Amino acid sequence: MRDTAPEPALSTQLLEWYDHHARDLPWRVAPADRQAGMVPDPYRVWLSEVMLQQTTVAAVRDYFHRFTSRWPTVQALAAAEDADVMGEWAGLGYYARARNLLKCARAVSADHGGVFPLDHDALLSLPGIGPYTAAAISAIAFDAPEVVMDGNVERVMARMFDIHTPLPDAKPELKARAAELTPQDRPGDYAQAVMDLGATICSPKSPACGICPWRDPCRARAAGTAPELPKKQPKKAKPVRRGVAYLAQRADGALLLERRPDSGLLGGMLGWPGSPWAESPAADCPPFPADWQVLPGEVRHTFTHFHLILTLKTAPLPDGPAPEGLLIVKRHDFRPSDLPTVMRKAYDLWRGGAE
DNA sequence: AAGCCGTGGTG
DNA sequence: TCACCAAGGCT
């Protein structure tokens, strides 16, 4: 079957390019080392792939180092406290990934003896591991000939075969094309090679077709359509929402925070108590009665599907127990780096004004 | 099964 | 400034 593949040489051309141009990434085994018999650690492959979901290599690097330094194995991660993992993930975004990361580590630890399963369907059933990540782990960690489909591969395939069908309708055809090119030999390196190609040369805006290892066979390059592919459905405009956040500090420096519910926006993360975020003017619903002072300035932040303008109010926090559902965090237990970015911006604006 | 879910870099 | 974009998964 592989012998009748229409373009048997293409994967080889790409692998030759990868052998010389593979990026040096902390979770990666270099092609020369891999061919010398070195094997990637599935834990590191899994952790990196989850972090890389919808996230750039540049943003992931430091997080990956901190996580692997603090939790070197999946068992160590499985034994971690929820709040510690959410705190380490703070700033990276898509916080459901962190919650599922812990669930997955605990499932691997409890149900699979601390070893990531080789079986593709077993991987797919784990929390936070979908079609892409299951294929990526199988290919990269186990060198299995899985078809790895992500945004890079979709773009590269759309250009290689000059496919103008808009996403997501084009997905089945793009996957079929990708499957035709996936080799039996070195599928793990091949998967990383296509993604490296998409991230460095076959980039979204201005692809560097002149130095592309696939410039000759690429149909979009020949047609001059590469920069406009893949076509995508237009996206909705983002509405503006407004809200109020309340920053209260006790004389000894302790702060009033909340642990957000596990589901929904910023689920499971620390944050300042506040009003709901709505398109109508922000309601005023302070966590306790006080003479709340409006802070000069405002916090602006853009989420996936709306812009947020946040007004900050401050008041002294009285002694005594925390209001219902809220959390008093002592000065020395509070780390701004535990906060998701919008909450960090609020803290920075407040502290900046205090100095 | 479309909508929800973060963030930082880029042009 | 602002829309677009990234090694997607869940519901």
# chains A, B, ... in the order shown; residues from 1 in each chain; ligands from 1
>>> select_by_dssp(residues="region 94-256 of chain A", states="alpha helix (DSSP H)", output="PyMOL selection string")
chain A and resi 96-111+120-124+131-142+151-160+171-181+187-200+219-223
>>> closest_atom_pairs(of="region 79-158 of chain A", to="chain C", cutoff="10 Å", atoms="only C-alpha atoms (C1' of nucleotides)", output="JSON lines")
{"residue": "A:Ala96", "atom": "CA", "partner": "C:DG9", "partner_atom": "C1'", "distance": 8.8}
{"residue": "A:Arg97", "atom": "CA", "partner": "C:DG9", "partner_atom": "C1'", "distance": 8.3}
{"residue": "A:Asn100", "atom": "CA", "partner": "C:DG9", "partner_atom": "C1'", "distance": 9.8}
{"residue": "A:Pro127", "atom": "CA", "partner": "C:DG9", "partner_atom": "C1'", "distance": 8.9}
{"residue": "A:Gly128", "atom": "CA", "partner": "C:DG9", "partner_atom": "C1'", "distance": 6.1}
{"residue": "A:Ile129", "atom": "CA", "partner": "C:DG9", "partner_atom": "C1'", "distance": 7.2}
{"residue": "A:Gly130", "atom": "CA", "partner": "C:DG9", "partner_atom": "C1'", "distance": 6.0}
{"residue": "A:Pro131", "atom": "CA", "partner": "C:DG8", "partner_atom": "C1'", "distance": 8.6}
{"residue": "A:Tyr132", "atom": "CA", "partner": "C:DG8", "partner_atom": "C1'", "distance": 7.2}
{"residue": "A:Thr133", "atom": "CA", "partner": "C:DG8", "partner_atom": "C1'", "distance": 8.2}
{"residue": "A:Ala136", "atom": "CA", "partner": "C:DA7", "partner_atom": "C1'", "distance": 8.6}
{"residue": "A:Val148", "atom": "CA", "partner": "C:DA7", "partner_atom": "C1'", "distance": 9.6}
{"residue": "A:Met149", "atom": "CA", "partner": "C:DA7", "partner_atom": "C1'", "distance": 9.2}
{"residue": "A:Asp150", "atom": "CA", "partner": "C:DA7", "partner_atom": "C1'", "distance": 6.6}
{"residue": "A:Gly151", "atom": "CA", "partner": "C:DA6", "partner_atom": "C1'", "distance": 7.8}
{"residue": "A:Asn152", "atom": "CA", "partner": "C:DA7", "partner_atom": "C1'", "distance": 7.7}
{"residue": "A:Val153", "atom": "CA", "partner": "C:DA7", "partner_atom": "C1'", "distance": 9.5}
>>> residues_around(residues="region 281-296 of chain A", least_positions_apart="2", cutoff="10 Å", atoms="only C-alpha atoms (C1' of nucleotides)", output="count of residues only")
36
>>> residues_around(residues="His305 (chain A)", least_positions_apart="2", cutoff="8 Å", atoms="only C-alpha atoms (C1' of nucleotides)", output="PyMOL selection string")
chain A and resi 238-239+302-303+307
>>> residues_around(residues="region 3-7 of chain B", least_positions_apart="5", cutoff="7 Å", atoms="only C-alpha atoms (C1' of nucleotides)", output="ChimeraX atom specification")
/A:92-94,265,303-304
>>> residues_around(residues="Gln35 (chain A)", least_positions_apart="6", cutoff="12 Å", atoms="only C-alpha atoms (C1' of nucleotides)", output="short mmCIF file (atom, residue, chain, number, x, y, z; two decimals) with all heavy atoms, in the first residue's frame")
data_model
loop_
_atom_site.label_atom_id
_atom_site.label_comp_id
_atom_site.auth_asym_id
_atom_site.auth_seq_id
_atom_site.Cartn_x
_atom_site.Cartn_y
_atom_site.Cartn_z
N ASP A 19 16.69 17.15 9.18
CA ASP A 19 17.97 16.70 9.74
C ASP A 19 18.94 17.86 9.93
O ASP A 19 19.77 17.85 10.83
CB ASP A 19 18.60 15.63 8.84
CG ASP A 19 17.89 14.28 8.98
OD1 ASP A 19 17.22 14.07 10.00
OD2 ASP A 19 18.00 13.46 8.05
N VAL A 29 14.01 15.25 21.10
CA VAL A 29 15.25 14.52 20.86
C VAL A 29 15.69 14.85 19.45
O VAL A 29 14.95 14.63 18.49
CB VAL A 29 15.04 13.00 21.03
CG1 VAL A 29 16.27 12.24 20.55
CG2 VAL A 29 14.74 12.66 22.49
N ASP A 143 7.03 6.80 17.93
CA ASP A 143 7.39 6.67 16.52
C ASP A 143 6.39 5.80 15.75
O ASP A 143 6.77 4.97 14.92
CB ASP A 143 8.82 6.10 16.36
CG ASP A 143 9.53 6.70 15.16
OD1 ASP A 143 9.18 7.81 14.74
OD2 ASP A 143 10.45 6.04 14.64
N ASP A 185 8.53 5.22 7.70
CA ASP A 185 9.86 5.37 8.26
C ASP A 185 10.01 6.74 8.92
O ASP A 185 9.69 7.77 8.30
CB ASP A 185 10.91 5.21 7.14
CG ASP A 185 12.33 5.33 7.69
OD1 ASP A 185 12.60 4.68 8.73
OD2 ASP A 185 13.15 6.05 7.10
N ARG A 186 10.42 6.77 10.17
CA ARG A 186 10.63 8.00 10.94
C ARG A 186 9.38 8.90 11.01
O ARG A 186 9.48 10.11 10.79
CB ARG A 186 11.80 8.81 10.35
CG ARG A 186 13.13 8.06 10.33
CD ARG A 186 14.23 8.92 9.70
NE ARG A 186 14.43 10.15 10.48
CZ ARG A 186 15.19 11.17 10.04
NH1 ARG A 186 15.76 11.11 8.85
NH2 ARG A 186 15.33 12.25 10.79
N GLY A 188 7.79 9.95 13.55
CA GLY A 188 7.89 10.94 14.62
C GLY A 188 8.65 12.17 14.17
O GLY A 188 8.21 13.31 14.39
N ASP A 189 9.79 11.96 13.54
CA ASP A 189 10.55 13.10 13.01
C ASP A 189 9.76 13.79 11.90
O ASP A 189 9.78 15.03 11.79
CB ASP A 189 11.91 12.63 12.47
CG ASP A 189 12.93 12.45 13.57
OD1 ASP A 189 12.68 12.95 14.69
OD2 ASP A 189 13.97 11.82 13.33
#
>>> atom_distance(atom1="CA of Gly37 (chain A)", atom2="CA of Leu197 (chain A)")
24.1 Å
>>> atom_distance(atom1="CA of Pro230 (chain A)", atom2="CA of Leu25 (chain A)")
27.0 Å
>>> closest_residue(among="A:Leu124, A:Cys104, A:Leu14, A:Ala9", to="Cys212 (chain A)", atoms="only C-alpha atoms")
A:Leu14
>>> select_by_dssp(residues="region 94-289 of chain A", states="strand (DSSP E)", output="list of chain:residue names")
A:Val240, A:Arg241, A:Arg242, A:Gly243, A:Val244, A:Ala245, A:Tyr246, A:Leu247, A:Ala248, A:Gln249, A:Leu255, A:Leu256, A:Leu257, A:Glu258, A:Arg259, A:Leu270, A:Gly271
>>> interface_residues(of="chain A", to="chain C", cutoff="7 Å", atoms="only C-alpha atoms (C1' of nucleotides)", output="ChimeraX atom specification")
/A:49,52-56,128,130,150,195
>>> write_last_selection(atoms="N, CA and C atoms", output="PDB file, in the first residue's frame")
ATOM      1  N   GLU A  49       3.112  18.962  24.407  1.00  0.00           N
ATOM      2  CA  GLU A  49       2.028  19.024  23.432  1.00  0.00           C
ATOM      3  C   GLU A  49       0.785  19.689  24.010  1.00  0.00           C
ATOM      4  N   LEU A  52       1.478  23.322  24.109  1.00  0.00           N
ATOM      5  CA  LEU A  52       1.562  23.918  22.776  1.00  0.00           C
ATOM      6  C   LEU A  52       0.207  24.032  22.083  1.00  0.00           C
ATOM      7  N   GLN A  53      -0.841  23.508  22.708  1.00  0.00           N
ATOM      8  CA  GLN A  53      -2.160  23.646  22.095  1.00  0.00           C
ATOM      9  C   GLN A  53      -2.513  25.127  21.983  1.00  0.00           C
ATOM     10  N   GLN A  54      -2.670  25.597  20.755  1.00  0.00           N
ATOM     11  CA  GLN A  54      -3.036  26.997  20.499  1.00  0.00           C
ATOM     12  C   GLN A  54      -2.063  27.980  21.135  1.00  0.00           C
ATOM     13  N   THR A  55      -0.820  27.567  21.316  1.00  0.00           N
ATOM     14  CA  THR A  55       0.148  28.394  22.034  1.00  0.00           C
ATOM     15  C   THR A  55       1.509  28.286  21.343  1.00  0.00           C
ATOM     16  N   THR A  56       2.236  29.389  21.291  1.00  0.00           N
ATOM     17  CA  THR A  56       3.498  29.403  20.564  1.00  0.00           C
ATOM     18  C   THR A  56       4.642  28.798  21.386  1.00  0.00           C
ATOM     19  N   GLY A 128      -8.057  15.844  28.304  1.00  0.00           N
ATOM     20  CA  GLY A 128      -7.208  16.843  27.670  1.00  0.00           C
ATOM     21  C   GLY A 128      -6.443  16.334  26.467  1.00  0.00           C
ATOM     22  N   GLY A 130      -6.938  15.030  22.855  1.00  0.00           N
ATOM     23  CA  GLY A 130      -7.862  14.888  21.740  1.00  0.00           C
ATOM     24  C   GLY A 130      -7.160  14.261  20.550  1.00  0.00           C
ATOM     25  N   ASP A 150      -2.615  19.449  12.743  1.00  0.00           N
ATOM     26  CA  ASP A 150      -2.814  20.679  13.513  1.00  0.00           C
ATOM     27  C   ASP A 150      -2.919  21.840  12.529  1.00  0.00           C
ATOM     28  N   MET A 195       5.477  20.297  11.176  1.00  0.00           N
ATOM     29  CA  MET A 195       5.068  21.389  12.069  1.00  0.00           C
ATOM     30  C   MET A 195       6.151  22.472  12.136  1.00  0.00           C
TER      31      MET A 195
END
>>> residues_around(residues="region 74-86 of chain A", least_positions_apart="2", cutoff="6 Å", atoms="only C-alpha atoms (C1' of nucleotides)", output="PyMOL selection string")
chain A and resi 71+88-89+105-106+109
>>> atom_distance(atom1="CA of Leu174 (chain A)", atom2="CA of Ala158 (chain A)")
6.6 Å
